[in-house]
Each structure stands twice: as structure tokens, then as C-alpha cells.
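Undergrad: Enclosed is the structure file input-v8.cif (mmCIF, C-alpha atoms).
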data_target
loop_
_atom_site.group_PDB
_atom_site.id
_atom_site.type_symbol
_atom_site.label_atom_id
_atom_site.label_comp_id
_atom_site.auth_asym_id
_atom_site.auth_seq_id
_atom_site.Cartn_x
_atom_site.Cartn_y
_atom_site.Cartn_z
ATOM 1 C CA MET A 1 -49.266 269.767 219.929
ATOM 2 C CA ASP A 2 -48.049 268.087 223.094
ATOM 3 C CA THR A 3 -48.670 269.964 226.313
ATOM 4 C CA PRO A 4 -45.376 270.370 228.252
ATOM 5 C CA GLY A 5 -45.249 269.247 231.856
ATOM 6 C CA LEU A 6 -43.555 270.884 234.804
ATOM 7 C CA PHE A 7 -40.028 270.272 233.493
ATOM 8 C CA GLY A 8 -40.794 270.455 229.800
ATOM 9 C CA GLU A 9 -41.765 266.793 229.327
ATOM 10 C CA THR A 10 -44.932 265.843 227.535
ATOM 11 C CA VAL A 11 -47.721 264.079 229.397
ATOM 12 C CA ALA A 12 -46.816 260.843 227.611
ATOM 13 C CA GLU A 13 -43.270 261.085 229.015
ATOM 14 C CA THR A 14 -44.275 261.736 232.623
ATOM 15 C CA LYS A 15 -45.699 259.393 235.244
ATOM 16 C CA HIS A 16 -49.246 260.716 235.357
ATOM 17 C CA PHE A 17 -50.573 257.189 234.813
ATOM 18 C CA SER A 18 -49.736 253.911 236.490
ATOM 19 C CA CYS A 19 -48.894 252.236 233.175
ATOM 20 C CA ASP A 20 -47.457 253.104 229.773
ATOM 21 C CA LEU A 21 -50.647 253.830 227.856
ATOM 22 C CA ILE A 22 -48.945 253.899 224.469
ATOM 23 C CA LYS A 23 -47.344 250.509 224.999
ATOM 24 C CA GLU A 24 -50.551 249.040 226.421
ATOM 25 C CA SER A 25 -52.676 250.378 223.565
ATOM 26 C CA LYS A 26 -50.426 248.630 221.040
ATOM 27 C CA SER A 27 -50.544 245.451 223.113
ATOM 28 C CA HIS A 28 -54.344 245.686 223.188
ATOM 29 C CA VAL A 29 -54.541 245.838 219.395
ATOM 30 C CA ALA A 30 -52.109 242.912 219.055
ATOM 31 C CA PHE A 31 -54.271 240.942 221.496
ATOM 32 C CA LEU A 32 -57.432 241.570 219.472
ATOM 33 C CA GLN A 33 -55.661 240.777 216.188
ATOM 34 C CA THR A 34 -54.359 237.474 217.560
ATOM 35 C CA LEU A 35 -57.816 236.451 218.758
ATOM 36 C CA HIS A 36 -59.297 237.306 215.363
ATOM 37 C CA LEU A 37 -56.527 235.617 213.372
ATOM 38 C CA ASN A 38 -57.064 232.389 215.292
ATOM 39 C CA GLY A 39 -60.854 232.503 214.903
ATOM 40 C CA ILE A 40 -61.513 232.920 218.620
ATOM 41 C CA SER A 41 -63.303 236.265 218.624
ATOM 42 C CA ILE A 42 -65.068 235.600 215.315
ATOM 43 C CA GLU A 43 -67.253 232.813 216.653
ATOM 44 C CA ARG A 44 -69.797 233.217 219.410
ATOM 45 C CA PRO A 45 -68.302 231.743 222.616
ATOM 46 C CA THR A 46 -69.780 228.366 223.487
ATOM 47 C CA LEU A 47 -71.394 227.323 226.722
ATOM 48 C CA LYS A 48 -68.388 225.054 227.289
ATOM 49 C CA THR A 49 -66.013 228.011 227.046
ATOM 50 C CA PHE A 50 -68.212 229.981 229.424
ATOM 51 C CA LEU A 51 -68.069 227.152 231.961
ATOM 52 C CA ARG A 52 -64.303 226.807 231.490
ATOM 53 C CA TYR A 53 -64.006 230.498 232.303
ATOM 54 C CA SER A 54 -66.473 230.819 235.177
ATOM 55 C CA GLU A 55 -66.128 227.462 236.895
ATOM 56 C CA LEU A 56 -62.484 226.607 236.209
ATOM 57 C CA TRP A 57 -60.423 229.653 235.268
ATOM 58 C CA LEU A 58 -61.555 232.224 237.823
ATOM 59 C CA PRO A 59 -61.236 229.752 240.725
ATOM 60 C CA LEU A 60 -57.736 228.947 239.412
ATOM 61 C CA VAL A 61 -56.850 232.653 239.364
ATOM 62 C CA ASN A 62 -58.135 233.017 242.894
ATOM 63 C CA ASN A 63 -56.163 229.952 243.934
ATOM 64 C CA HIS A 64 -53.004 231.450 242.453
ATOM 65 C CA HIS A 65 -53.498 234.810 244.185
ATOM 66 C CA GLN A 66 -54.198 233.083 247.462
ATOM 67 C CA PHE A 67 -50.991 231.095 247.199
ATOM 68 C CA ILE A 68 -48.925 234.148 246.219
ATOM 69 C CA SER A 69 -50.398 236.132 249.122
ATOM 70 C CA SER A 70 -49.761 233.404 251.688
ATOM 71 C CA SER A 71 -46.238 232.890 250.355
ATOM 72 C CA ASN A 72 -45.482 236.606 250.666
ATOM 73 C CA ASN A 73 -46.612 236.534 254.290
ATOM 74 C CA LEU A 74 -44.252 233.721 255.213
ATOM 75 C CA GLU A 75 -40.931 234.460 256.847
ATOM 76 C CA GLY A 76 -37.725 232.839 255.661
ATOM 77 C CA ASP A 77 -37.399 231.108 252.319
ATOM 78 C CA LYS A 78 -40.184 231.799 249.842
ATOM 79 C CA GLN A 79 -41.152 229.621 246.932
ATOM 80 C CA GLU A 80 -40.380 231.444 243.702
ATOM 81 C CA LEU A 81 -43.463 231.510 241.492
ATOM 82 C CA PRO A 82 -44.365 233.593 238.440
ATOM 83 C CA ALA A 83 -46.253 236.716 239.486
ATOM 84 C CA GLY A 84 -48.832 236.211 236.782
ATOM 85 C CA ILE A 85 -50.684 233.481 234.938
ATOM 86 C CA ILE A 86 -51.590 233.398 231.251
ATOM 87 C CA PRO A 87 -54.888 231.957 229.975
ATOM 88 C CA PRO A 88 -55.559 229.936 226.820
ATOM 89 C CA GLY A 89 -57.113 231.874 223.967
ATOM 90 C CA ASP A 90 -60.770 230.936 224.425
ATOM 91 C CA ILE A 91 -60.707 231.901 228.105
ATOM 92 C CA ALA A 92 -58.592 235.011 227.514
ATOM 93 C CA TRP A 93 -61.349 236.460 225.310
ATOM 94 C CA LEU A 94 -64.076 235.998 227.943
ATOM 95 C CA TRP A 95 -61.845 237.271 230.751
ATOM 96 C CA HIS A 96 -61.006 240.367 228.723
ATOM 97 C CA CYS A 97 -64.627 241.190 227.904
ATOM 98 C CA HIS A 98 -65.759 240.557 231.483
ATOM 99 C CA ARG A 99 -63.134 242.987 232.784
ATOM 100 C CA LEU A 100 -64.278 245.627 230.298
ATOM 101 C CA ALA A 101 -67.202 246.016 232.698
ATOM 102 C CA PRO A 102 -65.053 246.582 235.808
ATOM 103 C CA TYR A 103 -67.893 247.186 238.254
ATOM 104 C CA ARG A 104 -69.704 244.029 237.137
ATOM 105 C CA TYR A 105 -66.477 242.032 237.188
ATOM 106 C CA ALA A 106 -65.501 243.209 240.658
ATOM 107 C CA LYS A 107 -69.050 242.576 241.897
ATOM 108 C CA TYR A 108 -68.973 238.983 240.685
ATOM 109 C CA VAL A 109 -65.506 238.321 242.090
ATOM 110 C CA LYS A 110 -66.492 239.768 245.449
ATOM 111 C CA GLU A 111 -69.735 237.802 245.627
ATOM 112 C CA THR A 112 -68.076 234.565 244.528
ATOM 113 C CA PHE A 113 -64.809 234.596 246.445
ATOM 114 C CA THR A 114 -65.713 236.526 249.608
ATOM 115 C CA PRO A 115 -65.287 236.079 252.494
ATOM 116 C CA SER A 116 -63.437 232.799 252.838
ATOM 117 C CA SER A 117 -61.558 232.766 249.544
ATOM 118 C CA SER A 118 -60.774 236.398 248.816
ATOM 119 C CA VAL A 119 -57.563 238.277 249.270
ATOM 120 C CA LYS A 120 -58.024 241.677 250.864
ATOM 121 C CA ALA A 121 -55.766 244.655 250.765
ATOM 122 C CA SER A 122 -55.377 247.091 253.633
ATOM 123 C CA GLY A 123 -58.467 248.760 255.058
ATOM 124 C CA ASP A 124 -61.700 248.151 253.227
ATOM 125 C CA ASP A 125 -60.121 247.702 249.801
ATOM 126 C CA PHE A 126 -61.060 244.518 247.983
ATOM 127 C CA PHE A 127 -58.493 242.634 245.980
ATOM 128 C CA VAL A 128 -59.857 242.107 242.474
ATOM 129 C CA LEU A 129 -58.508 239.234 240.389
ATOM 130 C CA ASP A 130 -56.632 241.373 237.887
ATOM 131 C CA PRO A 131 -54.164 239.840 235.423
ATOM 132 C CA LYS A 132 -50.439 240.538 235.526
ATOM 133 C CA TYR A 133 -50.416 240.317 231.712
ATOM 134 C CA PRO A 134 -53.754 241.806 230.590
ATOM 135 C CA PHE A 135 -53.070 241.457 226.850
ATOM 136 C CA VAL A 136 -51.216 238.142 226.716
ATOM 137 C CA LEU A 137 -52.683 234.758 225.871
ATOM 138 C CA GLN A 138 -51.187 231.410 225.024
ATOM 139 C CA LEU A 139 -51.990 229.037 222.191
ATOM 140 C CA GLU A 140 -51.036 225.436 221.643
ATOM 141 C CA ASP A 141 -48.991 226.736 218.700
ATOM 142 C CA ASN A 142 -47.752 230.259 219.430
ATOM 143 C CA THR A 143 -46.403 230.915 215.930
ATOM 144 C CA THR A 144 -49.506 233.010 215.200
ATOM 145 C CA ASN A 145 -49.550 234.615 218.635
ATOM 146 C CA ALA A 146 -48.403 238.252 218.505
ATOM 147 C CA THR A 147 -48.975 238.684 222.250
ATOM 148 C CA PHE A 148 -46.562 235.999 223.406
ATOM 149 C CA ASP A 149 -42.817 236.413 224.000
ATOM 150 C CA LYS A 150 -41.259 233.169 225.182
ATOM 151 C CA SER A 151 -38.420 234.945 226.979
ATOM 152 C CA LYS A 152 -40.876 237.122 228.937
ATOM 153 C CA HIS A 153 -43.885 234.867 229.313
ATOM 154 C CA GLY A 154 -42.540 231.322 229.052
ATOM 155 C CA ASP A 155 -42.219 230.645 232.786
ATOM 156 C CA ALA A 156 -45.679 232.038 233.561
ATOM 157 C CA ALA A 157 -47.204 230.083 230.679
ATOM 158 C CA ARG A 158 -45.701 226.768 231.787
ATOM 159 C CA TYR A 159 -46.681 227.416 235.393
ATOM 160 C CA THR A 160 -50.271 228.155 234.345
ATOM 161 C CA VAL A 161 -50.571 224.912 232.372
ATOM 162 C CA ARG A 162 -49.071 222.941 235.245
ATOM 163 C CA LEU A 163 -51.447 224.510 237.772
ATOM 164 C CA TRP A 164 -54.437 223.834 235.486
ATOM 165 C CA GLU A 165 -53.439 220.200 235.034
ATOM 166 C CA GLU A 166 -53.079 219.756 238.786
ATOM 167 C CA LEU A 167 -56.520 221.226 239.484
ATOM 168 C CA TYR A 168 -58.368 219.847 236.452
ATOM 169 C CA PRO A 169 -56.633 216.674 235.220
ATOM 170 C CA ASP A 170 -59.615 215.664 233.070
ATOM 171 C CA GLU A 171 -60.042 219.020 231.309
ATOM 172 C CA PRO A 172 -57.589 219.974 228.524
ATOM 173 C CA PHE A 173 -55.981 223.387 228.881
ATOM 174 C CA PHE A 174 -56.085 224.163 225.167
ATOM 175 C CA VAL A 175 -59.262 223.893 223.105
ATOM 176 C CA GLY A 176 -58.720 223.754 219.352
ATOM 177 C CA LYS A 177 -60.919 225.159 216.619
ATOM 178 C CA THR A 178 -62.535 221.769 215.904
ATOM 179 C CA THR A 179 -63.470 221.364 219.562
ATOM 180 C CA ARG A 180 -64.927 224.881 219.669
ATOM 181 C CA GLN A 181 -66.997 224.171 216.552
ATOM 182 C CA ASN A 182 -68.273 220.877 217.973
ATOM 183 C CA SER A 183 -69.178 222.650 221.212
ATOM 184 C CA SER A 184 -70.994 225.336 219.248
ATOM 185 C CA ASN A 185 -72.991 222.713 217.341
ATOM 186 C CA GLN A 186 -73.828 220.959 220.602
ATOM 187 C CA ASP A 187 -74.937 224.264 222.135
ATOM 188 C CA GLN A 188 -77.299 224.797 219.189
ATOM 189 C CA LYS A 189 -78.690 221.290 219.508
ATOM 190 C CA VAL A 190 -79.316 221.763 223.207
ATOM 191 C CA ASP A 191 -80.870 225.186 222.605
ATOM 192 C CA ASP A 192 -83.269 223.678 220.071
ATOM 193 C CA GLU A 193 -84.382 220.976 222.492
ATOM 194 C CA VAL A 194 -84.717 222.660 225.862
ATOM 195 C CA ASN A 195 -87.728 224.618 227.047
ATOM 196 C CA VAL A 196 -87.633 228.119 228.540
ATOM 197 C CA ARG A 197 -87.192 226.890 232.111
ATOM 198 C CA ASP A 198 -84.195 224.740 231.121
ATOM 199 C CA ARG A 199 -82.698 227.593 229.124
ATOM 200 C CA ASP A 200 -82.826 229.828 232.184
ATOM 201 C CA ALA A 201 -80.868 227.192 234.081
ATOM 202 C CA GLN A 202 -78.096 227.523 231.471
ATOM 203 C CA SER A 203 -77.828 231.284 231.971
ATOM 204 C CA THR A 204 -74.502 232.854 231.095
ATOM 205 C CA LEU A 205 -75.073 235.698 233.534
ATOM 206 C CA LEU A 206 -72.446 236.371 236.190
ATOM 207 C CA SER A 207 -73.935 238.662 238.848
ATOM 208 C CA GLY A 208 -76.381 239.910 236.231
ATOM 209 C CA PHE A 209 -73.777 240.451 233.494
ATOM 210 C CA ASP A 210 -73.907 238.355 230.323
ATOM 211 C CA VAL A 211 -70.286 237.653 229.411
ATOM 212 C CA ILE A 212 -71.057 235.950 226.103
ATOM 213 C CA GLU A 213 -73.205 238.838 224.898
ATOM 214 C CA SER A 214 -70.387 241.188 225.909
ATOM 215 C CA CYS A 215 -68.031 239.203 223.662
ATOM 216 C CA GLU A 216 -70.506 239.550 220.817
ATOM 217 C CA ARG A 217 -70.602 243.319 221.273
ATOM 218 C CA GLN A 218 -66.848 243.732 221.646
ATOM 219 C CA LYS A 219 -65.713 241.679 218.663
ATOM 220 C CA ALA A 220 -66.341 244.621 216.300
ATOM 221 C CA PHE A 221 -63.987 246.898 218.252
ATOM 222 C CA LEU A 222 -60.913 245.608 216.403
ATOM 223 C CA TRP A 223 -62.095 247.256 213.191
ATOM 224 C CA GLN A 224 -62.280 250.601 214.965
ATOM 225 C CA VAL A 225 -58.584 250.461 215.880
ATOM 226 C CA SER A 226 -57.163 248.766 212.789
ATOM 227 C CA GLN A 227 -56.076 251.909 210.975
ATOM 228 C CA THR A 228 -52.318 252.470 210.756
ATOM 229 C CA ASN A 229 -52.459 255.565 212.965
ATOM 230 C CA PHE A 230 -53.246 253.363 215.962
ATOM 231 C CA ASN A 231 -49.675 252.099 215.686
ATOM 232 C CA ASP A 232 -48.203 255.564 215.237
ATOM 233 C CA ASP A 233 -46.441 256.937 218.306
ATOM 234 C CA GLU A 234 -47.185 260.576 217.534
ATOM 235 C CA PHE A 235 -50.898 259.852 217.135
ATOM 236 C CA LEU A 236 -50.956 257.818 220.337
ATOM 237 C CA GLU A 237 -49.005 260.462 222.271
ATOM 238 C CA GLN A 238 -51.650 262.993 221.264
ATOM 239 C CA GLY A 239 -54.284 260.554 222.461
ATOM 240 C CA VAL A 240 -52.578 260.335 225.852
ATOM 241 C CA GLU A 241 -52.467 264.143 226.015
ATOM 242 C CA ASN A 242 -56.176 264.371 225.229
ATOM 243 C CA TYR A 243 -57.017 261.646 227.733
ATOM 244 C CA TYR A 244 -55.031 263.425 230.446
ATOM 245 C CA LYS A 245 -56.968 266.632 229.778
ATOM 246 C CA PHE A 246 -60.239 264.682 229.836
ATOM 247 C CA VAL A 247 -59.643 263.078 233.221
#
Just give me the structure as C-alpha cells.

TA:
Amino acid sequence: MDTPGLFGETVAETKHFSCDLIKESKSHVAFLQTLHLNGISIERPTLKTFLRYSELWLPLVNNHHQFISSSNNLEGDKQELPAGIIPPGDIAWLWHCHRLAPYRYAKYVKETFTPSSSVKASGDDFFVLDPKYPFVLQLEDNTTNATFDKSKHGDAARYTVRLWEELYPDEPFFVGKTTRQNSSNQDQKVDDEVNVRDRDAQSTLLSGFDVIESCERQKAFLWQVSQTNFNDDEFLEQGVENYYKFV
């Protein structure tokens, strides 16, 4: 039974949390289903995808936040830009799993983009590169993308592609399944040939956290939330009630 709040509302109906947990939980499941349906979370992420995420995507996110921050500090006319950016599927999966370890993620962001490139909030707070749309990704063909709503996300998606192409003109934004498979085969070939010292040089650790291994651990989570009750509002409302009591 729902626990009534001060004015008779349930916890799920009040503003105890900074976001709508029921809505976000459904979006999370849709995100995982889309990744699985398109074969992204099924395969082990390649070294190429890791480098696209760590060496291209996160600097792009930082670049975007820097520009938004500087624009907000300007007086007079401001350039209208989407508040958020939306990654391609292969990068979205790594970004998601990295952020599931928030301390490790924040540690890496702070070490990588501080002091000259970071955006700081008031006091000693550190601005972490959080996504505006945590459970949205874009595909070259969005017909199988349950996370994407063109009317809501179209501007941000186009802006993201344009920004990527400006920063990385020689690197495609979208990576198809064939490219991922070829990269995976190349990773295996390299792994068979290199010695231990060379393998260490190809580490996928970011501030001590292995993002690819995190993806391998997290890919089974979808099956834990695939039952129909995880789309049932009454069940989810009870979950919010229980979570509120827990915290």
C-alpha cells in the first residue's frame, strides 16, 4: 500500500526526488532493449569503441559544456543551442556503464578535464559531465530505436552530429554492425600477437576503472527487468515508496 504524504499524496506523486523515477525507470528499460535489439550490448565492446568514447566523445561533451557555460555568462544576445547532446549507440553503451560507477566516473572526469578544461559550480562543487538525456541514443536508422523521439530529440541529435563532424572530420559518427564486427576481429588479432607489455599499453582502464569489463557485467541486467511488472505503474509506484523508505 502506498504511504500517504503530508497532504494525502503518495511518495510517487510528491517531489521527494529530483526526477520522475517511474518515467526514468521505463526509459532505462527501453534504452537497454534498444541496445540489445541492435546488437550493441550483446557483443563485447571493441578497442575502437573504447577509444571513440574516451578520446573523442568525452572531450566533445566537455567542449559542449564549456561552450554552453561561456554562452550563459555572456551578456546580450545568446546563441541558442540544444541543452543536451545525444551519443551514437556504441558510445552510449560505454557512457552508460561508466556512469553506473559514479565515483569512478567523476574521478576520471576530474582528473582528465581539471583544471584548465573543467566547468565548476559554486564553491568547491565539481561539474560532472552528466547527460541531459541519460537514456537516449541515436542510430543511423532510428526505426528500431525506442529511446528516440524526433520531435523531442531531433535538434539535439543533429547538433551532436554536426559538432562531431566539426571536431573529427575523419571519424564517422555512426558505426554499423559490420564495422563493429571487423573491429572485434582486429582486436582479437592484435591480442593474439602482442606480448604482455604491449597489452598493458592498450589498457581500457580509466582512472583504474575498466569500462569494457563493466559493459560485460551490465549486459545481463536487462533480463532482470524484462518482466511485465517493470512496466506496470502500480508495481513501480510501490518500488518508489520502498526506495523512499530505504533512503

Undergrad: Which residues are near Asp233 in chain A? Cut-off 12 Å, all atoms listed in the file, ignore same chain within fewer than 3 positions. Put them as a list of chain:residue names.

TA: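 The residues satisfying every condition are A:Ala12, A:Glu13, A:Leu21, A:Ile22, A:Lys23, A:Ser25, A:Lys26, A:Thr228, A:Asn229, A:Phe230, A:Leu236, A:Glu237, A:Gln238, A:Gly239, A:Val240.
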
Undergrad: What does the distance from CA of Gln33 in chain A to CA of Ile85 in chain A come to in Å, to one decimal?

TA: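 Separation between CA of Gln33 in chain A and CA of Ile85 in chain A: 20.7 Å.
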
Undergrad: Care to translate the PyMOL selection byres ((chain A and resi 31) around 9) into actual residues of this file, as a ChimeraX atom specification?

TA: /A:26-30,32-36,135-137,145-147

Undergrad: Please produce an output containing C-alpha atoms for each residue in the selection, written as a tab-separated table (two decimals), in the coordinates of the input.

TA:
chain	number	residue	atom	x	y	z
A	26	LYS	CA	-50.43	248.63	221.04
A	27	SER	CA	-50.54	245.45	223.11
A	28	HIS	CA	-54.34	245.69	223.19
A	29	VAL	CA	-54.54	245.84	219.40
A	30	ALA	CA	-52.11	242.91	219.06
A	32	LEU	CA	-57.43	241.57	219.47
A	33	GLN	CA	-55.66	240.78	216.19
A	34	THR	CA	-54.36	237.47	217.56
A	35	LEU	CA	-57.82	236.45	218.76
A	36	HIS	CA	-59.30	237.31	215.36
A	135	PHE	CA	-53.07	241.46	226.85
A	136	VAL	CA	-51.22	238.14	226.72
A	137	LEU	CA	-52.68	234.76	225.87
A	145	ASN	CA	-49.55	234.62	218.64
A	146	ALA	CA	-48.40	238.25	218.50
A	147	THR	CA	-48.98	238.68	222.25

Undergrad: Suppose you want the space between CA of Pro87 in chain A and CA of Thr160 in chain A; what is it in Å?

TA: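 Calculated distance between CA of Pro87 in chain A and CA of Thr160 in chain A is 7.4 Å.
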
Undergrad: Applied to this file, what does the PyMOL selection byres ((chain A and resi 90-101) around 7) return in terms of residues, put as a ChimeraX atom specification?

TA: /A:40-41,49,53,87-89,102-105,137,211,214-215

Undergrad: Output the selection as a PDB file, in the frame of the given file - C-alpha atoms for each residue.

TA:
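selection.pdb, freshly written:
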ATOM      1  CA  ILE A  40     -61.513 232.920 218.620  1.00  0.00           C
ATOM      2  CA  SER A  41     -63.303 236.265 218.624  1.00  0.00           C
ATOM      3  CA  THR A  49     -66.013 228.011 227.046  1.00  0.00           C
ATOM      4  CA  TYR A  53     -64.006 230.498 232.303  1.00  0.00           C
ATOM      5  CA  PRO A  87     -54.888 231.957 229.975  1.00  0.00           C
ATOM      6  CA  PRO A  88     -55.559 229.936 226.820  1.00  0.00           C
ATOM      7  CA  GLY A  89     -57.113 231.874 223.967  1.00  0.00           C
ATOM      8  CA  PRO A 102     -65.053 246.582 235.808  1.00  0.00           C
ATOM      9  CA  TYR A 103     -67.893 247.186 238.254  1.00  0.00           C
ATOM     10  CA  ARG A 104     -69.704 244.029 237.137  1.00  0.00           C
ATOM     11  CA  TYR A 105     -66.477 242.032 237.188  1.00  0.00           C
ATOM     12  CA  LEU A 137     -52.683 234.758 225.871  1.00  0.00           C
ATOM     13  CA  VAL A 211     -70.286 237.653 229.411  1.00  0.00           C
ATOM     14  CA  SER A 214     -70.387 241.188 225.909  1.00  0.00           C
ATOM     15  CA  CYS A 215     -68.031 239.203 223.662  1.00  0.00           C
TER      16      CYS A 215
END

Undergrad: Between CA of Gly154 in chain A and CA of Lys48 in chain A, what distance in Å does the model show, to one decimal?

TA: 26.7 Å

Undergrad: Go through A:Asn142, A:Ser207, A:Ser69, A:Ser226 and flag the residue nearest Val109 in chain A, using only C-alpha atoms for the distances.

TA: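 Closest to Val109 in chain A, using only C-alpha atoms: A:Ser207.
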
Undergrad: Rank A:Glu234, A:Tyr159, A:Pro134, A:Lys110 by their smallest atom-to-atom distance to Cys19 in chain A, using only C-alpha atoms, and report the top residue only.

TA: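 Using only C-alpha atoms, the shortest distance to Cys19 in chain A belongs to A:Pro134.
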